[in-house]
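Enquirer: Before I ask anything, let me first share the structure, which is written out below as structure tokens.
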Amino acid sequence: MPASPSKPFFVVFDTSTQAPYYADVHRILALPPGAILRYEYKRSLFSPKAWEAMQKLWDEGIGARIDVLVMYGEKKSFVKGQKDPDTMLTWEDSVFVPTRSARLVNIAKVPGDRPESDNFHFHMEMRGYVDPDAREIETLVRALEAENSLPFGTKDQYSWVSVLPDSVRPGASALVSDDTKVWKKLIDRIVTLPTQFADDVFWRLKRVQIKDSRQQVTPTSRPSNVRREPNAWNSDFPVFDGVSYAMVIESHSAPGRGGDLPPNPSVAVDVSGDESDLVKLPTKPVEIVPNQEDVSTFTVRDVKHVGDRYLDLVLTTQSSAAAGAYPIGSTCQISIAVSKERWRTVAGFALVLLAAVSGVVGGIYKDKVEVAAPAAVITVVLGALAYFVFTRKIQLPGLK
């Protein structure tokens, strides 16, 4: 189905020529569907049409989710560590890979000290992957080239954020995808073109699931999200205390590779913001065996707070090789919302309330043994049940 002419369709480029931005391609390839990734670009990196479209969304409100295609572009002659190219990328002298289909769900404008340094922060919700063999990729790049709306080049070119040209809109459906099976094909393309990522390790966080039941955990939009704010939009994987979870990690190595991989690659997991030690992480990184799925587990410890506590799980590639200026492989970060299951919170409070009522009744009728004694027993039982519901542990009065 063609893209609606009433809504913009953004095309966002990564070029990763500088070490601080190299991991961006790895992040967008490794994140699971539904996760949020924030990008920010200065006004000088927008094509005029894209800036106008983004400014209109800012003025009128984003409303419905907006389609985004994230692309990677690289000059065929580029070598990792070289300075930025002097001329604009073109279809003939560069390689292009569609790295992710996404939805724009929030934007925030941060004014700079001059108009050209104004920043737009945009939050993208990950979808699937677009087939790199889709003929619409070449059509799109050539159309953007004709509009001088590709990365690098002169001041009137130099565009990392563009909008889908009108001539490409009839084929826009091929540039939107929820298909994740294409991921391996994308990795093959990135490695064999080749690109500067050819010698890297590639894996993706395929899904998060409950360890025992294998029930998949789906990220949800955070209730406290605030539109038009640069740091206040997230989606979280809901996890509950006393439950163990498995992160399924799928790795892939292009055909013919093996000996040129970084030695002894593994995926390490860390947690950010866990001052209360709520999450028990694996003691060792997960060793990467090319072209198979591996599992990294974590367990949520006893939660004493009411409501959600938000933490970030950070997955990074490690190797026995000496660290360099550039990451050696995939990385991603997801947010988890740690809490008690809602029914346990509600049931626990209800039991506490009933125990309190029973205690009051026993106090009022303390001179009537036939009332006070049963009330005392009921109070103790309800209190013990409330404690069990909250903590999953049994605690009787006078016992530790």
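FYI, nothing fancy with the structure tokens labels: chains A, B, ... in order, residues from 1 per chain, ligands from 1 as they appear.
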I'd like the contact shell of segment 270-281 of chain A - 6 Å cut-off, only C-alpha atoms, skipping same-chain residues fewer than 6 positions apart - returned as a PyMOL selection string.
Expert: chain A and resi 298-301+311-314
Enquirer: What are the nearest atom pairs, with distances in Å to one decimal, for all residues of segment 218-262 of chain A that come at most 8 Å from segment 106-128 of chain A, using only C-alpha atoms, set out by chain and rising residue number as CSV?
Expert:
```
residue,atom,partner,partner_atom,distance
A:Arg227,CA,A:Asn106,CA,6.1
A:Arg228,CA,A:Ala108,CA,4.3
A:Glu229,CA,A:Ala108,CA,5.2
A:Pro230,CA,A:Ala108,CA,5.1
A:Trp233,CA,A:His123,CA,7.2
```
Enquirer: When you look at segment 323-326 of chain A with a cut-off of 12 Å (counting only C-alpha atoms), what residues show up, excluding the ones that are within fewer than 3 positions of it in the same chain? I need them as a list in words.
Expert: Ser16, Thr17, Gln18, Ala19, Pro20, Tyr21, Tyr22, Ala23, Asp24, His26, Lys80, Gly81, Gln196, Phe197, Asp199, Asp200, Pro262, Pro263, Thr317, Gln318, Ser319, Ser320, Gly329 and Ser330 of chain A
Enquirer: Can you write out the residues you just picked, keeping N, CA and C atoms, as an mmCIF file, in the first residue's frame?
Expert:
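To be explicit, this is the file written out as selection24.cif:
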```
data_model
loop_
_atom_site.group_PDB
_atom_site.id
_atom_site.type_symbol
_atom_site.label_atom_id
_atom_site.label_comp_id
_atom_site.auth_asym_id
_atom_site.auth_seq_id
_atom_site.Cartn_x
_atom_site.Cartn_y
_atom_site.Cartn_z
ATOM 1 N N SER A 16 28.528 6.505 10.093
ATOM 2 C CA SER A 16 29.456 5.898 11.058
ATOM 3 C C SER A 16 30.926 6.061 10.695
ATOM 4 N N THR A 17 31.282 7.201 10.152
ATOM 5 C CA THR A 17 32.683 7.433 9.787
ATOM 6 C C THR A 17 33.528 7.812 11.004
ATOM 7 N N GLN A 18 32.879 8.201 12.086
ATOM 8 C CA GLN A 18 33.601 8.598 13.292
ATOM 9 C C GLN A 18 33.319 7.590 14.409
ATOM 10 N N ALA A 19 34.345 7.306 15.191
ATOM 11 C CA ALA A 19 34.262 6.252 16.205
ATOM 12 C C ALA A 19 33.072 6.402 17.161
ATOM 13 N N PRO A 20 32.731 7.617 17.654
ATOM 14 C CA PRO A 20 31.608 7.728 18.598
ATOM 15 C C PRO A 20 30.264 7.297 18.017
ATOM 16 N N TYR A 21 30.135 7.295 16.686
ATOM 17 C CA TYR A 21 28.860 6.947 16.052
ATOM 18 C C TYR A 21 28.883 5.561 15.404
ATOM 19 N N TYR A 22 30.009 4.875 15.517
ATOM 20 C CA TYR A 22 30.158 3.584 14.853
ATOM 21 C C TYR A 22 29.147 2.564 15.364
ATOM 22 N N ALA A 23 28.862 2.618 16.670
ATOM 23 C CA ALA A 23 27.970 1.615 17.269
ATOM 24 C C ALA A 23 26.507 1.810 16.878
ATOM 25 N N ASP A 24 26.162 2.954 16.286
ATOM 26 C CA ASP A 24 24.754 3.205 15.944
ATOM 27 C C ASP A 24 24.193 2.127 15.021
ATOM 28 N N HIS A 26 25.241 -0.958 14.747
ATOM 29 C CA HIS A 26 25.105 -2.186 15.529
ATOM 30 C C HIS A 26 23.855 -2.150 16.415
ATOM 31 N N LYS A 80 37.854 2.340 7.231
ATOM 32 C CA LYS A 80 37.598 2.718 8.618
ATOM 33 C C LYS A 80 38.747 3.567 9.173
ATOM 34 N N GLY A 81 38.393 4.689 9.762
ATOM 35 C CA GLY A 81 39.389 5.574 10.345
ATOM 36 C C GLY A 81 39.772 6.735 9.451
ATOM 37 N N GLN A 196 32.796 -1.212 6.186
ATOM 38 C CA GLN A 196 33.778 -1.131 7.271
ATOM 39 C C GLN A 196 33.420 -2.056 8.443
ATOM 40 N N PHE A 197 32.209 -2.619 8.421
ATOM 41 C CA PHE A 197 31.755 -3.531 9.472
ATOM 42 C C PHE A 197 32.062 -5.000 9.143
ATOM 43 N N ASP A 199 34.401 -7.099 9.407
ATOM 44 C CA ASP A 199 35.105 -7.997 10.329
ATOM 45 C C ASP A 199 34.486 -8.019 11.720
ATOM 46 N N ASP A 200 33.287 -7.468 11.870
ATOM 47 C CA ASP A 200 32.652 -7.381 13.181
ATOM 48 C C ASP A 200 31.831 -8.629 13.502
ATOM 49 N N PRO A 262 36.732 -11.721 15.512
ATOM 50 C CA PRO A 262 37.487 -11.445 16.728
ATOM 51 C C PRO A 262 37.526 -12.693 17.596
ATOM 52 N N PRO A 263 38.645 -12.979 18.247
ATOM 53 C CA PRO A 263 38.776 -14.232 19.005
ATOM 54 C C PRO A 263 37.876 -14.281 20.227
ATOM 55 N N THR A 317 29.262 -6.694 23.013
ATOM 56 C CA THR A 317 30.156 -7.742 22.525
ATOM 57 C C THR A 317 31.528 -7.594 23.166
ATOM 58 N N GLN A 318 32.057 -8.720 23.657
ATOM 59 C CA GLN A 318 33.405 -8.747 24.206
ATOM 60 C C GLN A 318 34.254 -9.735 23.432
ATOM 61 N N SER A 319 35.572 -9.583 23.575
ATOM 62 C CA SER A 319 36.500 -10.487 22.911
ATOM 63 C C SER A 319 37.798 -10.508 23.710
ATOM 64 N N SER A 320 38.573 -11.560 23.499
ATOM 65 C CA SER A 320 39.877 -11.621 24.158
ATOM 66 C C SER A 320 40.905 -10.731 23.485
ATOM 67 N N GLY A 329 31.575 -5.361 17.728
ATOM 68 C CA GLY A 329 30.364 -6.095 17.385
ATOM 69 C C GLY A 329 29.115 -5.461 17.931
ATOM 70 N N SER A 330 28.059 -6.232 17.862
ATOM 71 C CA SER A 330 26.724 -5.734 18.196
ATOM 72 C C SER A 330 26.629 -5.260 19.637
#
```
Enquirer: When DSSP works through the backbone of this structure, what residues of segment 187-364 of chain A end up as strand (DSSP E), shown as an MDAnalysis selection string?
Expert: chainID A and resid 202:210 216:217 220:221 235:240 244:252 266:272 279:280 286:287 293:300 309:318 331:339
Enquirer: Record the distance separating atom CA of Val97 of chain A and atom CA of Tyr72 of chain A, expressed in Å with one decimal.
Expert: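 Going from atom CA of Val97 of chain A over to atom CA of Tyr72 of chain A covers 5.1 Å.
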Enquirer: Could you state the separation of atom CA of Leu354 of chain A and atom CA of Ile378 of chain A in Å, given to one decimal place?
Expert: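 Going from atom CA of Leu354 of chain A over to atom CA of Ile378 of chain A, I get 9.0 Å.
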Enquirer: From a DSSP calculation on the backbone, collect every residue of segment 48-124 of chain A in alpha helix (DSSP H) and output the set as a list in words.
Expert: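 The alpha helix (DSSP H) residues within segment 48-124 of chain A come out as Pro48, Lys49, Ala50, Trp51, Glu52, Ala53, Met54, Gln55, Lys56, Leu57, Trp58, Asp59 and Glu60 of chain A.
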Enquirer: What's the separation between atom CA of Val105 of chain A and atom CA of Ala232 of chain A, in Å to one decimal place?
Expert: 11.9 Å
Enquirer: Can you tell me, as a tab-separated table (two decimals) with C-alpha atoms, in the first residue's frame, what residues are no more than 12 Å from Leu261 of chain A when counting only C-alpha atoms, ignoring any on the same chain fewer than 2 positions away?
Expert:
```
chain	number	residue	atom	x	y	z
A	191	VAL	CA	29.86	-8.19	5.35
A	197	PHE	CA	31.75	-3.53	9.47
A	198	ALA	CA	32.90	-6.62	7.53
A	199	ASP	CA	35.11	-8.00	10.33
A	200	ASP	CA	32.65	-7.38	13.18
A	201	VAL	CA	30.59	-9.81	15.25
A	202	PHE	CA	26.85	-9.69	14.59
A	252	HIS	CA	25.03	-14.84	12.39
A	253	SER	CA	28.23	-15.09	10.42
A	254	ALA	CA	28.24	-14.63	6.67
A	256	GLY	CA	32.89	-18.18	4.32
A	257	ARG	CA	33.69	-16.34	7.51
A	258	GLY	CA	35.05	-17.85	10.69
A	259	GLY	CA	38.79	-17.41	11.03
A	263	PRO	CA	38.78	-14.23	19.01
A	264	ASN	CA	36.49	-15.72	21.66
A	265	PRO	CA	33.51	-13.39	21.15
A	266	SER	CA	30.84	-13.26	23.83
A	288	ILE	CA	28.89	-16.66	20.76
A	289	VAL	CA	28.73	-19.65	18.48
A	290	PRO	CA	28.11	-18.38	14.93
A	318	GLN	CA	33.40	-8.75	24.21
A	319	SER	CA	36.50	-10.49	22.91
A	320	SER	CA	39.88	-11.62	24.16
A	321	ALA	CA	41.45	-9.25	21.65
A	328	ILE	CA	33.99	-5.06	17.63
A	329	GLY	CA	30.36	-6.09	17.39
```
Enquirer: With only C-alpha atoms as the counted atoms, please give the residues lying no more than 12 Å from Thr180 of chain A, apart from itself and same-chain residues fewer than 5 positions off, as an MDAnalysis selection string.
Expert: chainID A and resid 29:33 99:101 126:131 185:186 204:207 250
Enquirer: Rank A:Ser173, A:Thr90, A:Ser235, A:Thr331 by their smallest atom-to-atom distance to Arg222 of chain A, using only C-alpha atoms, and report the top residue only.
Expert: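 Comparing A:Ser173, A:Thr90, A:Ser235, A:Thr331 against Arg222 of chain A, the winner is A:Ser235.
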Enquirer: Tell me which protein, DNA and RNA residues are within 9 Å of Asp308 of chain A, counting only C-alpha atoms, leaving out same-chain ones fewer than 3 positions away, and put them as a list in words.
Expert: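 Counting only C-alpha atoms, the residues come to Pro238, His305, Ala337, Val338, Ser339 and Lys340 of chain A.
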Enquirer: Could you list, with a cut-off of 8 Å and counting only C-alpha atoms, the residues of segment 246-356 of chain A near segment 208-214 of chain A, each shown with its nearest atom pair and the distance in Å rounded to one decimal, rows sorted by chain and ascending number, as JSON lines?
Expert:
```
{"residue": "A:Ala246", "atom": "CA", "partner": "A:Lys211", "partner_atom": "CA", "distance": 5.0}
{"residue": "A:Met247", "atom": "CA", "partner": "A:Val208", "partner_atom": "CA", "distance": 4.6}
{"residue": "A:Val248", "atom": "CA", "partner": "A:Val208", "partner_atom": "CA", "distance": 6.3}
{"residue": "A:Thr297", "atom": "CA", "partner": "A:Lys211", "partner_atom": "CA", "distance": 7.4}
```
